[in-house]
$ cat start21.cif   # mmCIF, C-alpha atoms
data_model
loop_
_atom_site.label_atom_id
_atom_site.label_comp_id
_atom_site.auth_asym_id
_atom_site.auth_seq_id
_atom_site.Cartn_x
_atom_site.Cartn_y
_atom_site.Cartn_z
CA MET A 117 -0.32 -27.40 -2.29
CA ALA A 118 -0.09 -26.21 -5.87
CA ILE A 119 2.15 -23.20 -6.26
CA THR A 120 1.56 -20.50 -8.83
CA THR A 121 4.50 -20.48 -11.26
CA LYS A 122 2.88 -19.00 -14.37
CA ILE A 123 1.22 -15.68 -15.04
CA ARG A 124 -2.14 -16.07 -16.74
CA PRO A 125 -3.51 -12.55 -17.49
CA ARG A 126 -7.19 -13.52 -17.69
CA ALA A 127 -7.06 -15.57 -14.50
CA LEU A 128 -5.17 -12.75 -12.82
CA VAL A 129 -7.85 -10.22 -13.76
CA ARG A 130 -10.58 -12.53 -12.42
CA ALA A 131 -8.63 -13.10 -9.21
CA SER A 132 -8.21 -9.35 -8.83
CA GLY A 133 -11.97 -8.70 -8.83
CA GLY A 134 -12.85 -8.82 -12.52
CA PRO A 135 -12.44 -6.45 -15.49
CA ARG A 136 -14.81 -3.79 -14.17
CA TYR A 137 -13.00 -3.64 -10.85
CA ALA A 138 -9.65 -3.43 -12.65
CA VAL A 139 -10.91 -0.42 -14.60
CA ALA A 140 -12.05 1.16 -11.34
CA LEU A 141 -8.57 0.70 -9.87
CA ALA A 142 -6.93 2.20 -12.96
CA VAL A 143 -9.23 5.26 -13.00
CA ASP A 144 -8.77 5.80 -9.26
CA ALA A 145 -4.98 5.57 -9.55
CA LEU A 146 -4.89 7.91 -12.52
CA GLY A 147 -6.92 10.51 -10.64
CA THR A 148 -4.76 10.12 -7.55
CA GLY A 149 -1.62 10.66 -9.61
CA LEU A 150 -3.01 13.92 -10.97
CA LEU A 151 -3.29 15.58 -7.56
CA ARG A 152 -1.70 13.66 -4.71
CA PRO A 153 1.96 14.48 -5.54
CA PHE A 154 1.05 18.14 -5.98
CA LEU A 155 -1.28 18.69 -3.03
CA LEU A 156 1.39 20.71 -1.25
CA LEU A 157 1.73 22.95 -4.32
CA TYR A 158 -2.06 23.37 -4.40
CA GLY A 159 -2.03 24.68 -0.85
CA VAL A 160 0.87 27.05 -1.53
CA LEU A 161 0.10 28.30 -5.05
CA VAL A 162 -3.70 28.19 -5.20
CA LEU A 163 -4.74 28.76 -1.59
CA ARG A 164 -1.69 30.93 -0.75
CA LEU A 165 -0.96 29.11 2.49
CA SER A 166 2.55 28.88 3.88
CA ALA A 167 4.50 25.74 3.10
CA SER A 168 4.70 24.85 6.80
CA ALA A 169 0.96 25.31 7.38
CA THR A 170 0.18 23.23 4.30
CA GLY A 171 2.54 20.46 5.37
CA ILE A 172 1.15 20.37 8.90
CA ALA A 173 -2.42 20.15 7.58
CA MET A 174 -1.50 17.30 5.24
CA THR A 175 0.33 15.38 7.97
CA ALA A 176 -2.50 15.91 10.44
CA GLY A 177 -4.99 14.67 7.84
CA VAL A 178 -3.05 11.44 7.35
CA VAL A 179 -2.58 10.80 11.08
CA VAL A 180 -6.17 11.58 12.07
CA ALA A 181 -7.43 9.46 9.18
CA LEU A 182 -5.77 6.43 10.77
CA VAL A 183 -8.37 6.62 13.54
CA CYS A 184 -11.00 5.36 11.08
CA MET A 185 -9.19 2.08 10.44
CA PRO A 186 -10.73 0.04 13.32
CA ALA A 187 -14.20 0.94 11.99
CA VAL A 188 -13.14 -0.06 8.48
CA GLY A 189 -11.91 -3.41 9.83
CA ARG A 190 -15.20 -4.11 11.60
CA TRP A 191 -17.15 -3.14 8.47
CA LEU A 192 -15.11 -5.60 6.41
CA ASP A 193 -15.65 -8.35 8.98
CA GLN A 194 -19.39 -7.90 8.55
CA GLY A 195 -18.92 -9.08 4.97
CA ALA A 196 -18.71 -5.81 3.04
CA ARG A 197 -16.20 -5.78 0.21
CA SER A 198 -16.81 -3.69 -2.92
CA THR A 199 -18.92 -1.27 -0.87
CA VAL A 200 -15.95 -0.42 1.35
CA VAL A 201 -13.68 0.00 -1.67
CA ALA A 202 -16.25 2.31 -3.27
CA ALA A 203 -16.63 4.27 -0.04
CA SER A 204 -12.86 4.79 0.16
CA MET A 205 -13.00 6.31 -3.31
CA LEU A 206 -16.15 8.37 -2.82
CA VAL A 207 -15.01 9.90 0.47
CA ARG A 208 -12.13 11.41 -1.50
CA VAL A 209 -14.68 13.08 -3.76
CA VAL A 210 -15.78 14.98 -0.65
CA GLY A 211 -12.15 15.90 0.01
CA VAL A 212 -11.69 17.26 -3.52
CA ALA A 213 -14.97 19.19 -3.32
CA LEU A 214 -13.79 20.84 -0.09
CA LEU A 215 -10.48 21.59 -1.75
CA LEU A 216 -12.17 23.35 -4.66
CA ALA A 217 -14.48 25.26 -2.31
CA THR A 218 -11.69 26.48 0.00
CA PRO A 219 -11.10 30.25 -0.32
CA ALA A 220 -7.54 31.51 -0.61
CA GLY A 221 -5.85 32.04 2.75
CA HIS A 222 -8.13 29.69 4.70
CA GLY A 223 -6.26 26.80 6.30
CA TRP A 224 -9.01 24.93 8.16
CA PRO A 225 -11.07 23.97 5.07
CA PHE A 226 -7.85 22.75 3.47
CA ALA A 227 -7.13 20.65 6.58
CA ALA A 228 -10.65 19.17 6.36
CA ALA A 229 -10.07 18.34 2.69
CA ALA A 230 -6.76 16.69 3.58
CA LEU A 231 -8.58 14.65 6.25
CA PHE A 232 -11.17 13.26 3.83
CA LEU A 233 -8.49 12.52 1.26
CA GLY A 234 -6.47 10.82 4.00
CA ILE A 235 -9.41 8.68 5.10
CA GLY A 236 -9.87 7.38 1.58
CA ASN A 237 -6.16 6.78 1.07
CA GLN A 238 -5.85 4.85 4.36
CA ALA A 239 -9.04 2.81 3.97
CA TRP A 240 -8.45 1.72 0.39
CA PRO A 241 -5.50 -0.71 0.87
CA ALA A 242 -7.28 -2.78 3.55
CA ALA A 243 -10.57 -2.80 1.61
CA HIS A 244 -8.85 -3.79 -1.62
CA ALA A 245 -6.86 -6.57 0.06
CA ALA A 246 -10.02 -7.95 1.70
CA LEU A 247 -11.84 -7.95 -1.64
CA VAL A 248 -9.01 -9.81 -3.39
CA ALA A 249 -8.71 -12.27 -0.49
CA THR A 250 -12.41 -13.02 -0.92
CA VAL A 251 -12.22 -13.64 -4.65
CA ALA A 252 -8.88 -15.50 -4.79
CA HIS A 253 -7.03 -17.89 -2.56
CA GLY A 254 -3.54 -19.29 -2.04
CA ARG A 255 -0.75 -18.04 -4.24
CA GLU A 256 -3.24 -16.83 -6.84
CA ARG A 257 -4.31 -14.27 -4.24
CA ASP A 258 -0.69 -13.13 -3.77
CA ALA A 259 -0.30 -12.63 -7.53
CA ALA A 260 -3.60 -10.73 -7.66
CA LEU A 261 -2.50 -8.39 -4.87
CA ALA A 262 0.78 -7.83 -6.71
CA ALA A 263 -1.11 -7.09 -9.95
CA GLY A 264 -3.22 -4.52 -8.14
CA ARG A 265 -0.11 -2.76 -6.88
CA ALA A 266 1.49 -2.78 -10.34
CA LEU A 267 -1.67 -1.38 -11.91
CA ARG A 268 -1.94 1.30 -9.24
CA ASN A 269 1.68 2.37 -9.66
CA ALA A 270 1.18 2.58 -13.41
CA GLY A 271 -1.87 4.79 -12.96
CA LEU A 272 -0.11 6.98 -10.42
CA GLY A 273 2.87 7.37 -12.74
CA VAL A 274 0.80 8.30 -15.77
CA GLY A 275 -1.30 10.71 -13.72
CA ALA A 276 1.76 12.40 -12.24
CA LEU A 277 3.32 12.70 -15.70
CA LEU A 278 0.18 14.33 -17.12
CA ALA A 279 -0.01 16.66 -14.13
CA THR A 280 3.63 17.66 -14.53
CA VAL A 281 2.95 18.69 -18.13
CA CYS A 282 -0.06 20.73 -17.04
CA LEU A 283 1.69 22.52 -14.17
CA ALA A 284 2.93 25.23 -16.52
CA GLY A 285 -0.62 26.58 -16.39
CA GLY A 286 -0.14 27.68 -12.77
CA PRO A 287 -2.95 27.89 -10.19
CA THR A 288 -5.67 27.56 -12.84
CA ALA A 289 -4.18 24.28 -14.02
CA LEU A 290 -3.97 22.98 -10.45
CA ARG A 291 -7.65 23.72 -9.91
CA ALA A 292 -8.49 21.94 -13.15
CA LEU A 293 -6.41 18.93 -12.08
CA ALA A 294 -8.26 18.83 -8.77
CA ALA A 295 -11.62 18.89 -10.56
CA VAL A 296 -10.58 16.06 -12.89
CA THR A 297 -9.33 14.10 -9.88
CA GLY A 298 -12.74 14.45 -8.22
CA LEU A 299 -14.47 13.19 -11.35
CA ALA A 300 -12.06 10.25 -11.55
CA TYR A 301 -12.77 9.31 -7.93
CA LEU A 302 -16.51 9.54 -8.60
CA ALA A 303 -16.30 7.32 -11.67
CA ALA A 304 -14.03 4.80 -9.93
CA GLY A 305 -16.31 4.66 -6.90
CA ALA A 306 -19.36 4.02 -9.08
CA LEU A 307 -17.55 1.24 -10.95
CA ALA A 308 -16.32 -0.40 -7.75
CA TRP A 309 -19.79 -0.24 -6.17
CA SER A 310 -21.35 -1.80 -9.29
CA VAL A 311 -19.24 -4.94 -8.79
CA ARG A 312 -21.40 -5.69 -5.72
CA LEU A 313 -19.11 -8.22 -4.15
CA ARG A 314 -19.89 -9.30 -0.62
CA ALA A 315 -18.81 -12.16 1.61
CA ARG A 316 -21.19 -13.49 4.21
CA PRO A 317 -19.28 -13.26 7.50
CA ALA A 318 -17.39 -16.44 8.31
CA THR A 319 -18.21 -18.21 11.53
CA ALA A 320 -15.81 -17.87 14.43
CA PRO A 321 -13.70 -20.87 15.47
CA ALA A 322 -15.46 -23.50 17.55
CA GLY A 323 -15.43 -22.44 21.15
CA GLY A 324 -14.36 -18.93 20.12
CA ARG A 325 -16.20 -15.65 19.84
CA ALA A 326 -17.46 -14.09 16.64
CA ASP A 327 -16.21 -10.72 17.86
CA GLY A 328 -12.85 -12.06 18.99
CA PRO A 329 -9.67 -10.09 18.32
CA ALA A 330 -7.53 -10.34 15.22
CA PRO A 331 -4.21 -12.16 15.61
CA ARG A 332 -1.70 -9.92 17.39
CA MET A 333 1.17 -10.24 14.91
CA ARG A 334 3.14 -7.88 17.15
CA ALA A 335 6.54 -8.50 15.60
CA LEU A 336 5.14 -8.30 12.08
CA LEU A 337 3.30 -5.03 12.72
CA ALA A 338 6.26 -3.43 14.50
CA ALA A 339 8.61 -4.55 11.73
CA ASN A 340 6.25 -3.20 9.09
CA VAL A 341 6.61 0.33 10.50
CA VAL A 342 10.33 0.12 9.69
CA TYR A 343 9.93 -1.72 6.39
CA VAL A 344 7.61 1.02 5.14
CA PHE A 345 10.49 3.50 5.21
CA CYS A 346 11.65 1.94 1.93
CA LEU A 347 8.61 3.41 0.19
CA ASN A 348 9.79 6.94 1.00
CA VAL A 349 13.46 6.38 0.17
CA PRO A 350 13.07 7.28 -3.56
CA GLU A 351 10.87 10.29 -2.80
CA ILE A 352 12.57 11.76 0.26
CA ALA A 353 15.91 10.21 1.24
CA LEU A 354 17.55 9.97 -2.18
CA PRO A 355 16.60 13.46 -3.43
CA LEU A 356 17.84 14.84 -0.10
CA VAL A 357 21.17 13.03 -0.40
CA LEU A 358 21.65 13.65 -4.11
CA VAL A 359 20.96 17.38 -3.95
CA THR A 360 22.33 18.41 -0.55
CA ARG A 361 25.19 15.92 -0.07
CA LEU A 362 26.39 15.14 -3.56
CA HIS A 363 25.27 18.43 -5.15
CA ALA A 364 23.97 16.49 -8.13
CA SER A 365 21.45 17.75 -10.66
CA PRO A 366 17.77 17.25 -9.71
CA VAL A 367 17.56 15.19 -12.90
CA TRP A 368 19.15 12.31 -11.00
CA SER A 369 16.37 12.38 -8.40
CA ALA A 370 13.74 12.38 -11.13
CA ALA A 371 15.48 9.50 -12.92
CA VAL A 372 15.57 7.42 -9.72
CA PHE A 373 11.86 8.04 -9.09
CA VAL A 374 10.89 7.15 -12.67
CA ALA A 375 13.04 4.01 -12.58
CA ASN A 376 11.42 2.98 -9.30
CA THR A 377 7.94 3.34 -10.79
CA VAL A 378 8.81 1.49 -13.99
CA LEU A 379 10.46 -1.38 -12.12
CA VAL A 380 7.49 -1.79 -9.78
CA VAL A 381 5.06 -1.85 -12.69
CA ALA A 382 7.16 -4.30 -14.69
CA LEU A 383 8.41 -6.63 -11.97
CA GLN A 384 5.87 -6.67 -9.13
CA VAL A 385 3.87 -9.61 -10.47
CA PRO A 386 6.77 -11.67 -11.91
CA VAL A 387 8.86 -11.31 -8.74
CA THR A 388 5.90 -12.18 -6.51
CA VAL A 389 5.17 -15.27 -8.59
CA LEU A 390 8.85 -16.24 -8.56
CA MET A 391 8.95 -15.98 -4.77
CA SER A 392 5.80 -18.10 -4.39
CA ARG A 393 7.96 -21.23 -4.06
CA PHE A 394 9.09 -20.01 -0.63
CA SER A 395 7.07 -19.27 2.51
CA ARG A 396 5.75 -15.72 2.75
CA ARG A 397 7.43 -15.12 6.10
CA SER A 398 10.83 -16.19 4.73
CA VAL A 399 10.36 -13.96 1.69
CA LEU A 400 9.41 -10.99 3.88
CA ALA A 401 12.49 -11.52 6.06
CA PHE A 402 14.64 -11.76 2.91
CA ALA A 403 13.15 -8.47 1.70
CA GLY A 404 14.35 -6.83 4.91
CA VAL A 405 17.86 -8.17 4.40
CA MET A 406 17.90 -6.91 0.81
CA LEU A 407 16.69 -3.47 1.89
CA ALA A 408 19.34 -3.31 4.61
CA VAL A 409 22.05 -4.25 2.08
CA SER A 410 20.80 -1.52 -0.26
CA TYR A 411 20.96 1.04 2.57
CA LEU A 412 24.59 0.07 3.19
CA GLY A 413 25.10 0.40 -0.57
CA PHE A 414 23.77 3.95 -0.42
CA LEU A 415 26.22 4.68 2.39
CA ALA A 416 29.10 3.43 0.26
CA ALA A 417 27.83 5.28 -2.82
CA THR A 418 27.55 8.63 -1.05
CA SER A 419 31.12 8.29 0.21
CA LEU A 420 32.36 8.35 -3.39
CA GLY A 421 31.38 11.96 -3.90
CA GLY A 422 32.38 13.82 -7.02
CA GLY A 423 31.08 12.58 -10.34
CA TRP A 424 30.69 8.94 -9.28
CA GLY A 425 28.37 9.39 -6.31
CA ALA A 426 25.13 10.12 -8.20
CA PRO A 427 25.46 7.23 -10.71
CA ALA A 428 26.34 4.86 -7.86
CA VAL A 429 23.28 5.95 -5.87
CA ALA A 430 21.09 5.43 -8.94
CA LEU A 431 22.52 1.94 -9.41
CA VAL A 432 21.96 0.95 -5.77
CA SER A 433 18.41 2.31 -5.97
CA VAL A 434 17.59 -0.60 -8.32
CA LEU A 435 18.51 -3.05 -5.54
CA CYS A 436 16.41 -1.03 -3.08
CA THR A 437 13.45 -1.11 -5.46
CA ILE A 438 13.70 -4.89 -5.84
CA GLY A 439 13.69 -5.15 -2.04
CA GLU A 440 10.61 -2.94 -1.98
CA ILE A 441 8.92 -5.16 -4.58
CA ILE A 442 9.63 -8.31 -2.57
CA TYR A 443 8.37 -6.62 0.61
CA ALA A 444 5.16 -5.39 -1.03
CA GLY A 445 4.49 -8.78 -2.60
CA SER A 446 4.77 -10.69 0.66
CA ALA A 447 3.67 -8.43 3.54
CA THR A 448 -0.06 -8.04 2.85
CA ALA A 449 -0.20 -11.59 1.51
CA LEU A 450 1.23 -12.87 4.81
CA VAL A 451 -1.41 -10.97 6.80
CA THR A 452 -4.23 -12.42 4.69
CA ALA A 453 -2.77 -15.90 5.20
CA LEU A 454 -2.38 -15.50 8.96
CA ALA A 455 -5.74 -13.97 9.79
CA PRO A 456 -8.77 -16.23 10.39
CA ALA A 457 -11.59 -15.35 8.00
CA HIS A 458 -13.88 -13.90 10.69
CA VAL A 459 -11.28 -11.25 11.65
CA LEU A 460 -9.61 -10.68 8.28
CA GLY A 461 -10.86 -7.10 8.09
CA ARG A 462 -9.55 -6.18 11.52
CA ALA A 463 -6.19 -7.82 10.81
CA LEU A 464 -5.83 -5.87 7.58
CA ALA A 465 -6.90 -2.67 9.35
CA ARG A 466 -4.21 -3.17 12.00
CA PHE A 467 -1.64 -3.79 9.28
CA GLN A 468 -2.69 -0.59 7.51
CA LEU A 469 -2.36 1.27 10.80
CA SER A 470 1.27 0.19 11.02
CA THR A 471 1.80 1.12 7.37
CA GLY A 472 0.20 4.54 7.84
CA LEU A 473 2.24 5.16 10.96
CA GLY A 474 5.47 4.29 9.14
CA LEU A 475 4.58 6.55 6.22
CA ALA A 476 3.68 9.38 8.60
CA VAL A 477 6.86 9.30 10.68
CA SER A 478 9.37 8.37 7.98
CA PRO A 479 9.75 11.86 6.42
CA ALA A 480 10.58 13.43 9.78
CA ALA A 481 12.83 10.52 10.78
CA ILE A 482 14.69 10.50 7.46
CA THR A 483 15.31 14.24 7.43
CA ALA A 484 16.39 14.22 11.09
CA LEU A 485 18.85 11.37 10.52
CA ALA A 486 20.14 12.94 7.28
CA SER A 487 21.00 16.13 9.16
CA ARG A 488 23.45 14.07 11.24
CA GLY A 489 25.25 12.68 8.22
CA SER A 490 25.11 9.76 5.80
CA THR A 491 26.35 7.24 8.36
CA ALA A 492 23.57 8.14 10.78
CA LEU A 493 20.92 7.94 8.04
CA TRP A 494 21.87 4.76 6.20
CA GLY A 495 23.46 2.99 9.15
CA SER A 496 20.37 3.51 11.31
CA LEU A 497 18.01 2.40 8.53
CA ALA A 498 20.10 -0.70 7.84
CA ALA A 499 20.32 -1.69 11.51
CA ALA A 500 16.60 -1.12 12.15
CA THR A 501 15.60 -3.04 9.03
CA LEU A 502 17.86 -5.99 9.84
CA LEU A 503 16.40 -6.10 13.34
CA SER A 504 12.91 -6.04 11.86
CA ALA A 505 13.74 -8.82 9.41
CA SER A 506 15.03 -10.92 12.31
CA ALA A 507 11.82 -10.29 14.26
CA VAL A 508 9.69 -11.32 11.27
CA ALA A 509 11.71 -14.50 10.73
CA THR A 510 11.55 -15.62 14.36
CA GLU A 511 7.93 -14.74 15.19
CA LYS A 512 5.83 -17.85 15.68
CA ASP A 513 2.49 -18.21 13.94
CA ARG A 514 -0.46 -19.53 15.87
CA PRO A 515 -1.53 -22.77 14.18
CA THR A 516 -4.63 -22.59 12.03
CA ARG A 517 -4.75 -26.19 10.77
CA LEU A 518 -8.30 -27.08 11.63
CA SER A 519 -9.17 -30.01 9.43
CA GLY A 520 -12.10 -31.94 10.74
CA HIS A 521 -13.42 -29.07 12.86
CA PRO A 522 -16.61 -27.70 11.40
CA GLY A 523 -16.87 -23.95 11.10
CA ARG A 524 -13.13 -23.46 10.89
CA THR A 525 -11.24 -22.55 7.73
CA PRO A 526 -7.73 -21.81 6.61
CA SER A 527 -6.56 -18.27 7.28
CA GLY A 528 -7.69 -15.71 4.77
CA CYS A 529 -10.36 -17.93 3.22
CA VAL A 530 -14.09 -17.42 3.32
CA SER A 531 -15.79 -20.17 5.28
CA ALA A 532 -18.99 -21.94 4.36
CA ALA A 533 -19.94 -18.36 3.78
CA ALA A 534 -19.89 -17.83 0.05
CA VAL A 535 -18.82 -14.89 -2.02
CA THR A 536 -21.94 -13.22 -3.37
CA THR A 537 -21.66 -11.26 -6.61
CA GLN A 538 -24.12 -9.25 -8.63
CA THR A 539 -25.00 -12.42 -10.59
CA GLY A 540 -25.90 -14.30 -7.43
CA GLN A 541 -23.23 -16.93 -8.07
CA SER A 542 -21.14 -18.38 -5.26
CA ALA A 543 -17.47 -19.24 -5.13
CA PHE A 544 -16.21 -21.31 -2.24
CA ALA A 545 -12.69 -21.15 -0.90
CA ARG A 546 -10.67 -24.31 -1.31
CA LYS A 547 -9.83 -26.23 1.84
CA GLY A 548 -6.23 -26.73 2.84
CA VAL A 549 -3.43 -25.15 4.78
CA GLU A 550 -0.76 -23.19 2.96
CA PRO A 551 2.74 -22.32 4.14
CA ARG A 552 3.01 -18.86 5.64
#
$ encode --input "start21.cif" --output "structure tokens"
Amino acid sequence: MAITTKIRPRALVRASGGPRYAVALAVDALGTGLLRPFLLLYGVLVLRLSASATGIAMTAGVVVALVCMPAVGRWLDQGARSTVVAASMLVRVVGVALLLATPAGHGWPFAAAALFLGIGNQAWPAAHAALVATVAHGRERDAALAAGRALRNAGLGVGALLATVCLAGGPTALRALAAVTGLAYLAAGALAWSVRLRARPATAPAGGRADGPAPRMRALLAANVVYVFCLNVPEIALPLVLVTRLHASPVWSAAVFVANTVLVVALQVPVTVLMSRFSRRSVLAFAGVMLAVSYLGFLAATSLGGGWGAPAVALVSVLCTIGEIIYAGSATALVTALAPAHVLGRALARFQLSTGLGLAVSPAAITALASRGSTALWGSLAAATLLSASAVATEKDRPTRLSGHPGRTPSGCVSAAAVTTQTGQSAFARKGVEPR
């Protein structure tokens, strides 16, 4: 099999869904960056809710939104692609509208807004991955997924930076940011819908059922819940350690977060392409090892104390970010490679469920472990991540080599079903089996 070793921008844009879809992703990410990091402040400063009530509503919105994922998976398996992406953006318009309509002191409308925003945020990753898996194949697909993540992080970073500048305006500025976010979601949804990409549902394996279950991937899904903790380390664990343990200036926390964003934007695609010479499962296991080593590095850095602790933590955070980049570049790509085409949507939905669960429980788990000391926090994270990496490395894939059997295709590819675009053209997935 040919392995992607070069980055070709034009080919990458086409593999990611085309220029119009790329613009939709950028606009959506920019709008998300304007409000998502400051939703808690909106509840407290604009709606005058207590911090605890606001936090509970936001958490409940994320958790309840996960319930929609099985339906999203089935919708994707019926062939929908750009429509599901557009829906994930447009449903957040409803959330923003509810947010703007919520009177001060009313918690339930805010909770409803958080729910709609949560539905869109949870549905988008699976829908986007399914769309890219339909347009691209093999290692080109992996690079396209990585490019989407880099573009999204760039948009989130720019949006958050603009919002930070505007926060001096107080509650009025927050309302304005929410309104602009709603308009951005509306524009992005319209652009994504206009792409009109759809895949005719692939046929089920011979002797199988068209409504059969997605591959179990139990070890992978369980491990992903732990891996996902790395995404909240720069936002939750490190600020907590830097401020409460090392008594460092909050500037260090901001610097770590900015460095994380810049590194993801700059390195996500190159690192993913570099790792394409190895199997995805091996790369994902290696990511777990690297994350575990970085956690032990944080433990050593926090023991320095004094004036050396904060710089050491910032330095180790670079290693953690590289581990995060390797994880993000291989995890979703592995799922798209493992899942037969006729259950790709359900497989991606199950993966997003594990991701959402990890993101939901990690703040509480991190703060609870941190209250017991640095050894409890970083030692537990390192041990759990190493165990997860071992589980990923040793899990056996069910074979999907089906050459010579009509109606069966390599995992993640569209079968004799073609990709239908707004021009009516068709693009058929290439036959062949790729290493996992």
$ closest_residue --input "start21.cif" --among "A:Ala509, A:Ala249, A:Leu362, A:Ala176" --to "A:Leu420" --atoms "all atoms listed in the file"
A:Leu362
$ resolve_selection --input "start21.cif" --expression "the PyMOL selection byres ((chain A and resi 197) around 6)" --output "PyMOL selection string"
chain A and resi 196+198-200+247+313-314
$ resolve_selection --input "start21.cif" --expression "the PyMOL selection byres ((chain A and resi 255) around 8)" --output "PyMOL selection string"
chain A and resi 119-120+253-254+256-259+389+392
$ closest_residue --input "start21.cif" --among "A:Val212, A:Leu163, A:Val372, A:Val201" --to "A:Arg312" --atoms "only C-alpha atoms"
A:Val201
$ resolve_selection --input "start21.cif" --expression "the PyMOL selection byres ((chain A and resi 243) around 10)" --output "ChimeraX atom specification"
/A:188-189,191-192,196-204,238-242,244-249,461,464-465
$ build_atoms --input "start21.cif" --residues "stretch 249-262 of chain A" --atoms "N, CA, C and O atoms" --output "PDB file, keeping the file's coordinate frame"
ATOM      1  N   ALA A 249      -8.776 -11.052  -1.297  1.00  0.00           N
ATOM      2  CA  ALA A 249      -8.710 -12.270  -0.490  1.00  0.00           C
ATOM      3  C   ALA A 249     -10.020 -13.041  -0.521  1.00  0.00           C
ATOM      4  O   ALA A 249     -10.046 -14.252  -0.274  1.00  0.00           O
ATOM      5  N   THR A 250     -11.109 -12.369  -0.823  1.00  0.00           N
ATOM      6  CA  THR A 250     -12.410 -13.020  -0.920  1.00  0.00           C
ATOM      7  C   THR A 250     -12.594 -13.709  -2.263  1.00  0.00           C
ATOM      8  O   THR A 250     -13.188 -14.780  -2.356  1.00  0.00           O
ATOM      9  N   VAL A 251     -12.064 -13.103  -3.304  1.00  0.00           N
ATOM     10  CA  VAL A 251     -12.220 -13.640  -4.650  1.00  0.00           C
ATOM     11  C   VAL A 251     -11.208 -14.756  -4.933  1.00  0.00           C
ATOM     12  O   VAL A 251     -11.537 -15.767  -5.554  1.00  0.00           O
ATOM     13  N   ALA A 252      -9.969 -14.564  -4.478  1.00  0.00           N
ATOM     14  CA  ALA A 252      -8.880 -15.500  -4.790  1.00  0.00           C
ATOM     15  C   ALA A 252      -8.378 -16.154  -3.527  1.00  0.00           C
ATOM     16  O   ALA A 252      -8.672 -15.725  -2.413  1.00  0.00           O
ATOM     17  N   HIS A 253      -7.572 -17.198  -3.707  1.00  0.00           N
ATOM     18  CA  HIS A 253      -7.030 -17.890  -2.560  1.00  0.00           C
ATOM     19  C   HIS A 253      -5.614 -18.371  -2.881  1.00  0.00           C
ATOM     20  O   HIS A 253      -5.212 -18.428  -4.046  1.00  0.00           O
ATOM     21  N   GLY A 254      -4.878 -18.742  -1.853  1.00  0.00           N
ATOM     22  CA  GLY A 254      -3.540 -19.290  -2.040  1.00  0.00           C
ATOM     23  C   GLY A 254      -2.613 -18.325  -2.742  1.00  0.00           C
ATOM     24  O   GLY A 254      -2.686 -17.107  -2.586  1.00  0.00           O
ATOM     25  N   ARG A 255      -1.731 -18.865  -3.549  1.00  0.00           N
ATOM     26  CA  ARG A 255      -0.750 -18.040  -4.240  1.00  0.00           C
ATOM     27  C   ARG A 255      -1.362 -17.230  -5.369  1.00  0.00           C
ATOM     28  O   ARG A 255      -0.786 -16.230  -5.802  1.00  0.00           O
ATOM     29  N   GLU A 256      -2.518 -17.645  -5.857  1.00  0.00           N
ATOM     30  CA  GLU A 256      -3.240 -16.830  -6.840  1.00  0.00           C
ATOM     31  C   GLU A 256      -3.617 -15.484  -6.223  1.00  0.00           C
ATOM     32  O   GLU A 256      -3.566 -14.452  -6.884  1.00  0.00           O
ATOM     33  N   ARG A 257      -3.978 -15.500  -4.947  1.00  0.00           N
ATOM     34  CA  ARG A 257      -4.310 -14.270  -4.240  1.00  0.00           C
ATOM     35  C   ARG A 257      -3.084 -13.354  -4.153  1.00  0.00           C
ATOM     36  O   ARG A 257      -3.191 -12.140  -4.349  1.00  0.00           O
ATOM     37  N   ASP A 258      -1.916 -13.930  -3.862  1.00  0.00           N
ATOM     38  CA  ASP A 258      -0.690 -13.130  -3.770  1.00  0.00           C
ATOM     39  C   ASP A 258      -0.401 -12.437  -5.097  1.00  0.00           C
ATOM     40  O   ASP A 258      -0.054 -11.256  -5.139  1.00  0.00           O
ATOM     41  N   ALA A 259      -0.544 -13.202  -6.203  1.00  0.00           N
ATOM     42  CA  ALA A 259      -0.300 -12.630  -7.530  1.00  0.00           C
ATOM     43  C   ALA A 259      -1.319 -11.531  -7.845  1.00  0.00           C
ATOM     44  O   ALA A 259      -0.979 -10.505  -8.451  1.00  0.00           O
ATOM     45  N   ALA A 260      -2.566 -11.729  -7.422  1.00  0.00           N
ATOM     46  CA  ALA A 260      -3.600 -10.730  -7.660  1.00  0.00           C
ATOM     47  C   ALA A 260      -3.316  -9.446  -6.889  1.00  0.00           C
ATOM     48  O   ALA A 260      -3.500  -8.336  -7.403  1.00  0.00           O
ATOM     49  N   LEU A 261      -2.874  -9.575  -5.644  1.00  0.00           N
ATOM     50  CA  LEU A 261      -2.500  -8.390  -4.870  1.00  0.00           C
ATOM     51  C   LEU A 261      -1.329  -7.663  -5.526  1.00  0.00           C
ATOM     52  O   LEU A 261      -1.292  -6.422  -5.575  1.00  0.00           O
ATOM     53  N   ALA A 262      -0.365  -8.428  -6.027  1.00  0.00           N
ATOM     54  CA  ALA A 262       0.780  -7.830  -6.710  1.00  0.00           C
ATOM     55  C   ALA A 262       0.333  -7.108  -7.982  1.00  0.00           C
ATOM     56  O   ALA A 262       0.814  -6.011  -8.296  1.00  0.00           O
TER      57      ALA A 262
END
